[in-house]
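Participant: Shown below is the structure under consideration.
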Amino acid sequence: MAALDATLANYLLTRDSAEKERLDGQHIYLKKFAYDDRLVYDRNVELKAGSSVLDSGTGTVAWLLDLAKEVPEDVELIGVDVSPNNFPDAANAPKNIHLSLASATNLPKEWSNKFDLVNQRFMLSALLAAEWPQAVSEIFRVLKPGGRIQLCELDPRYPLEKPPALERHSEILLQGANKRGLLRYCAKELPGMLRNAGFVDVVDDAKPCPVGKALGEWGVRGATGGPAGAWWNMKDALVEQGTIGSAKEYEDLLEELVKEWDEKGIYLVTRMICATKPLES
Ligand SMILES: C[S@@+](CC[C@H](N)C(=O)[O-])C[C@H]1O[C@@H](n2cnc3c(N)ncnc32)[C@H](O)[C@@H]1O
């Protein structure tokens with residue numbers, strides 16, 4: 001499967017084995033801290049025989065593979081991404097998981113009104129500001145009336161009081177995102193975007209995620225495998241675009257960050273943003 005080249009250049013992360021491993025670890029961490037130990041955040045969503053679920057920007061397919069363990073085999077589980085690099089070997093995936101290449105901004109035309117649930121997670125380093133409303137309206141189109149959207153994104157406004165290295169790092173990531181045309185504060189905008197697209201019953205929950213040794217084993221996992229772990233894999237893109245002077249300068253800053261977290265852990269905030277496509281729209 002060849003990647004959809006046009007959309008690859010925006011991405012701030014790598015697609016190598018280290019990032020694949022981090023995404024799989026991040027899935028376990030987010031399930032615990034963002035999804036309240038569930039995969040389907042809204043307790044009212046019932047997936048039964050004949051239901052269809054989409055994971056848009058599915059990456060390593062970790063969320064769908066986990067979901068496949070708890071829904072009936074005749075629930076159709078579909079994942080799309082612009083790159084197949086992180087897809088698991090098809091031979092090892094459950095038969096009801098179907099993976100294909102498509103952009104979140106341009107889902108297949110024949111999928112209108114098809115899905116009961118669409119999950120889309122951690123696309124803040126992938127979708128351009130102008131693409132976000134398009135991705136939201138594509139999810140609206142492909143959901144069945146009454147279907148549910150669940151989005152999970154980092155909200156980098158938090159912690160409000162940032163220690164010095166985190167403050168500097170946040171500024172660098174904002175500059176890097178702006179240079180690419182990404183929407184660093186997408187989490188803040190998403191509830192409004194969902195309403196504009198026609199969604200109702202919008203839920204917007206802030207989920208604190210521990211980072212740093214001072215916060216125990218999950219804090220260590222948050223620093224390496226969680227959302228903060230992604231920052232290590234942004235080095236090449238940030239150096240290449242000139243947002244940071246050199247790889248060494250960035251590595252030194254990351255070392256400072258870890259020192260800060262080891263002394264006093266921090267809580268990054270992830271948001272669960274869910275809504276319903278009305279029965280009549
Ligand atoms: C940070 S990863 C998150 C993967 C997965 N959602 C998760 O939470 O583990 C972002 C993924 O979005 C994909 N991506 C980037 N631009 C995309 C687009 N326009 N449409 C669909 N996927 C895209 C990347 O290839 C990558 O796999």
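Each chain in the structure tokens gets a letter, A, B and so on, in the order shown; residues start at 1 in every chain, and ligands are counted from 1 in the order they appear.
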Using only C-alpha atoms and all ligand atoms, I'd like a table of the residues in chain A that come within 7 Å of ligand 1; for each, show the closest atom pair and its distance in Å rounded to one decimal, ordered by chain and ascending number, as a tab-separated table.
Facilitator:
residue	atom	partner	partner_atom_place_in_ligand_line	distance
A:Thr7	CA	ligand 1	19 (N)	5.7
A:Leu8	CA	ligand 1	16 (N)	6.4
A:Tyr11	CA	ligand 1	15 (C)	6.0
A:Leu23	CA	ligand 1	9 (O)	5.0
A:Asp24	CA	ligand 1	9 (O)	6.5
A:Gln26	CA	ligand 1	9 (O)	6.9
A:His27	CA	ligand 1	9 (O)	5.8
A:Ser56	CA	ligand 1	21 (C)	5.8
A:Gly57	CA	ligand 1	22 (N)	3.4
A:Thr58	CA	ligand 1	6 (N)	4.3
A:Gly59	CA	ligand 1	27 (O)	3.3
A:Thr60	CA	ligand 1	9 (O)	6.0
A:Val61	CA	ligand 1	9 (O)	6.7
A:Ala62	CA	ligand 1	9 (O)	6.0
A:Trp63	CA	ligand 1	9 (O)	6.7
A:Val80	CA	ligand 1	21 (C)	6.2
A:Asp81	CA	ligand 1	22 (N)	3.9
A:Val82	CA	ligand 1	22 (N)	4.7
A:Ser83	CA	ligand 1	25 (O)	5.0
A:Asn86	CA	ligand 1	27 (O)	6.7
A:Ala102	CA	ligand 1	21 (C)	6.2
A:Ser103	CA	ligand 1	20 (N)	3.4
A:Ala104	CA	ligand 1	20 (N)	3.8
A:Thr105	CA	ligand 1	19 (N)	5.9
A:Gln120	CA	ligand 1	6 (N)	5.9
A:Arg121	CA	ligand 1	6 (N)	4.3
A:Phe122	CA	ligand 1	3 (C)	4.9
A:Met123	CA	ligand 1	10 (C)	5.1
A:Ser125	CA	ligand 1	1 (C)	6.6
A:Ala126	CA	ligand 1	15 (C)	4.4
A:Leu127	CA	ligand 1	16 (N)	5.7
Participant: Limited to N, CA and C atoms, could you put the picked residues into a file as a short mmCIF file (atom, residue, chain, number, x, y, z; two decimals), in the first residue's frame?
Facilitator:
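Listing of selection-v8.cif after writing:
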data_model
loop_
_atom_site.label_atom_id
_atom_site.label_comp_id
_atom_site.auth_asym_id
_atom_site.auth_seq_id
_atom_site.Cartn_x
_atom_site.Cartn_y
_atom_site.Cartn_z
N THR A 7 -0.58 14.60 1.60
CA THR A 7 -0.85 15.01 2.98
C THR A 7 0.27 14.62 3.94
N LEU A 8 1.31 13.98 3.44
CA LEU A 8 2.35 13.48 4.36
C LEU A 8 3.23 14.59 4.91
N TYR A 11 2.92 16.52 8.52
CA TYR A 11 3.02 15.78 9.77
C TYR A 11 4.29 16.16 10.52
N LEU A 23 3.19 5.03 20.07
CA LEU A 23 1.74 5.12 19.85
C LEU A 23 1.00 3.97 20.53
N ASP A 24 1.58 2.77 20.47
CA ASP A 24 0.93 1.62 21.13
C ASP A 24 0.91 1.83 22.65
N GLN A 26 1.06 4.75 24.13
CA GLN A 26 0.18 5.90 24.39
C GLN A 26 -1.29 5.46 24.42
N HIS A 27 -1.62 4.48 23.59
CA HIS A 27 -3.00 3.99 23.59
C HIS A 27 -3.40 3.49 24.99
N SER A 56 -10.49 7.25 12.36
CA SER A 56 -9.91 8.10 11.31
C SER A 56 -8.52 8.58 11.76
N GLY A 57 -7.50 8.35 10.93
CA GLY A 57 -6.11 8.61 11.35
C GLY A 57 -5.68 7.54 12.32
N THR A 58 -5.86 6.30 11.94
CA THR A 58 -5.79 5.16 12.88
C THR A 58 -4.38 4.80 13.32
N GLY A 59 -3.34 5.24 12.59
CA GLY A 59 -1.95 5.01 13.02
C GLY A 59 -1.61 3.54 13.13
N THR A 60 -1.30 3.07 14.34
CA THR A 60 -0.93 1.65 14.54
C THR A 60 -2.17 0.78 14.73
N VAL A 61 -3.36 1.38 14.65
CA VAL A 61 -4.64 0.65 14.76
C VAL A 61 -4.89 0.15 16.20
N ALA A 62 -4.14 0.72 17.15
CA ALA A 62 -4.20 0.22 18.53
C ALA A 62 -5.61 0.28 19.10
N TRP A 63 -6.34 1.37 18.86
CA TRP A 63 -7.68 1.53 19.44
C TRP A 63 -8.64 0.48 18.85
N VAL A 80 -8.74 4.20 8.75
CA VAL A 80 -8.08 4.84 7.60
C VAL A 80 -6.92 5.70 8.11
N ASP A 81 -5.94 5.85 7.24
CA ASP A 81 -4.79 6.71 7.52
C ASP A 81 -4.23 7.12 6.16
N VAL A 82 -3.42 8.18 6.15
CA VAL A 82 -2.78 8.55 4.88
C VAL A 82 -1.52 7.73 4.62
N SER A 83 -1.06 7.03 5.66
CA SER A 83 0.14 6.20 5.49
C SER A 83 -0.10 4.81 6.07
N ASN A 86 2.41 2.33 9.77
CA ASN A 86 2.21 1.81 11.11
C ASN A 86 1.13 0.73 11.19
N ALA A 102 -6.94 6.69 3.25
CA ALA A 102 -7.84 7.80 2.93
C ALA A 102 -7.49 8.93 3.88
N SER A 103 -7.72 10.15 3.42
CA SER A 103 -7.50 11.28 4.31
C SER A 103 -8.77 11.54 5.11
N ALA A 104 -8.56 11.94 6.37
CA ALA A 104 -9.68 12.31 7.24
C ALA A 104 -10.50 13.44 6.62
N THR A 105 -9.89 14.17 5.70
CA THR A 105 -10.57 15.32 5.09
C THR A 105 -11.33 14.93 3.83
N GLN A 120 -11.58 9.67 16.50
CA GLN A 120 -10.43 10.32 15.85
C GLN A 120 -9.57 10.91 16.96
N ARG A 121 -8.31 10.51 17.00
CA ARG A 121 -7.50 10.83 18.17
C ARG A 121 -6.12 11.35 17.78
N PHE A 122 -5.70 12.37 18.47
CA PHE A 122 -4.35 12.94 18.34
C PHE A 122 -3.96 13.26 16.89
N MET A 123 -4.72 14.16 16.33
CA MET A 123 -4.43 14.64 14.98
C MET A 123 -3.89 16.08 15.03
N SER A 125 -0.99 17.16 15.43
CA SER A 125 0.27 17.34 14.70
C SER A 125 0.14 16.89 13.25
N ALA A 126 -1.10 16.74 12.79
CA ALA A 126 -1.32 16.20 11.44
C ALA A 126 -2.22 17.09 10.58
N LEU A 127 -3.32 17.58 11.14
CA LEU A 127 -4.28 18.32 10.30
C LEU A 127 -4.00 19.81 10.31
#
Participant: Find the residues around A:Leu160 up to 12 Å (only C-alpha atoms counted), leave out those fewer than 5 positions away in its own chain, and share them as number ranges by chain.
Facilitator: A: 155, 166-167, 170, 266-269
Participant: Report the closest atom pair, with its distance in Å rounded to one decimal, for each residue of stretch 165-271 of chain A that has an atom no farther than 9 Å from stretch 29-32 of chain A; count only C-alpha atoms, sort by chain and then rising residue number, and write it as a Markdown table.
Facilitator:
| residue | atom | partner | partner_atom | distance |
| --- | --- | --- | --- | --- |
| A:Cys209 | CA | A:Leu30 | CA | 8.1 |
| A:Trp218 | CA | A:Tyr29 | CA | 7.7 |
| A:Arg221 | CA | A:Tyr29 | CA | 7.5 |
| A:Gly222 | CA | A:Tyr29 | CA | 7.2 |
| A:Gly225 | CA | A:Tyr29 | CA | 7.9 |
| A:Gly226 | CA | A:Tyr29 | CA | 6.4 |
| A:Pro227 | CA | A:Leu30 | CA | 8.7 |
| A:Thr270 | CA | A:Leu30 | CA | 8.6 |
Participant: Extract, using only C-alpha atoms, all DNA, RNA and protein residues at most 8 Å from A:Asp116, discarding same-chain residues fewer than 2 positions from it, and format them as a list in words.
Facilitator: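 Close residues of A:Asp116: Leu47, Ser51, Ser52, Val53, Lys114, Val118, Leu143, Lys144, Gly146, Gly147 and Arg148 of chain A.
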Participant: Need to verify the contact set: stretch 178-185 of chain A, 9 Å, only C-alpha atoms, exclusion of same-chain residues closer than 6 positions in sequence. Can you return it as a PyMOL selection string?
Facilitator: chain A and resi 9-12+124-132+154-157+241+243
Participant: Between A:His98, A:Gly192, A:Leu117, A:Ser17, which residue has the minimum interatomic distance to A:Glu46, considering only C-alpha atoms?
Facilitator: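 Looking only at the distances to A:Glu46, the closest residue turns out to be A:Leu117.
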Participant: Considering only C-alpha atoms, can you say which of A:Pro278, A:Asp89, A:Ala206, A:His169 comes closest to A:Phe33?
Facilitator: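 Closest to A:Phe33 of all the choices is A:Ala206.
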Participant: As number ranges by chain, which residues of stretch 71-225 of chain A does DSSP assign to strand (DSSP E)?
Facilitator: A: 76-81, 97-101, 115-121, 143-154, 200-211
Participant: When you look at A:Trp111 with a cut-off of 10 Å (counting only C-alpha atoms), what residues show up, excluding the ones that are within fewer than 3 positions of it in the same chain? I need them as a PDB file with N, CA, C and O atoms, in the first residue's frame.
Facilitator:
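See out.pdb below for the written result:
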ATOM      1  N   LEU A 107     -13.108  11.407   3.050  1.00  0.00           N
ATOM      2  CA  LEU A 107     -13.429   9.989   3.236  1.00  0.00           C
ATOM      3  C   LEU A 107     -14.202   9.489   2.013  1.00  0.00           C
ATOM      4  O   LEU A 107     -14.794  10.296   1.278  1.00  0.00           O
ATOM      5  N   PRO A 108     -14.200   8.182   1.785  1.00  0.00           N
ATOM      6  CA  PRO A 108     -14.869   7.666   0.576  1.00  0.00           C
ATOM      7  C   PRO A 108     -16.328   8.126   0.476  1.00  0.00           C
ATOM      8  O   PRO A 108     -17.057   8.147   1.468  1.00  0.00           O
ATOM      9  N   LYS A 114     -23.007   5.861   7.211  1.00  0.00           N
ATOM     10  CA  LYS A 114     -22.637   4.445   7.397  1.00  0.00           C
ATOM     11  C   LYS A 114     -22.329   4.075   8.855  1.00  0.00           C
ATOM     12  O   LYS A 114     -22.655   2.981   9.296  1.00  0.00           O
ATOM     13  N   PHE A 115     -21.703   4.985   9.616  1.00  0.00           N
ATOM     14  CA  PHE A 115     -21.099   4.554  10.882  1.00  0.00           C
ATOM     15  C   PHE A 115     -21.941   4.918  12.111  1.00  0.00           C
ATOM     16  O   PHE A 115     -22.586   5.964  12.161  1.00  0.00           O
ATOM     17  N   GLU A 138     -16.642  15.842   7.410  1.00  0.00           N
ATOM     18  CA  GLU A 138     -16.599  14.491   6.825  1.00  0.00           C
ATOM     19  C   GLU A 138     -17.113  13.454   7.831  1.00  0.00           C
ATOM     20  O   GLU A 138     -17.848  12.528   7.470  1.00  0.00           O
ATOM     21  N   ILE A 139     -16.740  13.641   9.111  1.00  0.00           N
ATOM     22  CA  ILE A 139     -17.231  12.689  10.122  1.00  0.00           C
ATOM     23  C   ILE A 139     -18.747  12.816  10.239  1.00  0.00           C
ATOM     24  O   ILE A 139     -19.467  11.815  10.321  1.00  0.00           O
ATOM     25  N   ARG A 141     -20.780  13.649   7.906  1.00  0.00           N
ATOM     26  CA  ARG A 141     -21.381  13.016   6.713  1.00  0.00           C
ATOM     27  C   ARG A 141     -21.425  11.499   6.854  1.00  0.00           C
ATOM     28  O   ARG A 141     -22.427  10.863   6.514  1.00  0.00           O
ATOM     29  N   VAL A 142     -20.327  10.902   7.340  1.00  0.00           N
ATOM     30  CA  VAL A 142     -20.269   9.434   7.314  1.00  0.00           C
ATOM     31  C   VAL A 142     -20.985   8.783   8.501  1.00  0.00           C
ATOM     32  O   VAL A 142     -21.191   7.565   8.502  1.00  0.00           O
ATOM     33  N   LEU A 143     -21.343   9.586   9.522  1.00  0.00           N
ATOM     34  CA  LEU A 143     -22.102   9.010  10.644  1.00  0.00           C
ATOM     35  C   LEU A 143     -23.549   8.793  10.237  1.00  0.00           C
ATOM     36  O   LEU A 143     -24.134   9.586   9.484  1.00  0.00           O
ATOM     37  N   LYS A 144     -24.143   7.735  10.799  1.00  0.00           N
ATOM     38  CA  LYS A 144     -25.591   7.551  10.664  1.00  0.00           C
ATOM     39  C   LYS A 144     -26.282   8.648  11.472  1.00  0.00           C
ATOM     40  O   LYS A 144     -25.718   9.083  12.495  1.00  0.00           O
TER      41      LYS A 144
END
Participant: Restricting the calculation to only C-alpha atoms: of A:Asp204, A:Leu238, A:Val45, A:Arg271, which residue gets closest to A:Tyr158?
Facilitator: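 Answer, going by the shortest atom-to-atom distance: A:Arg271.
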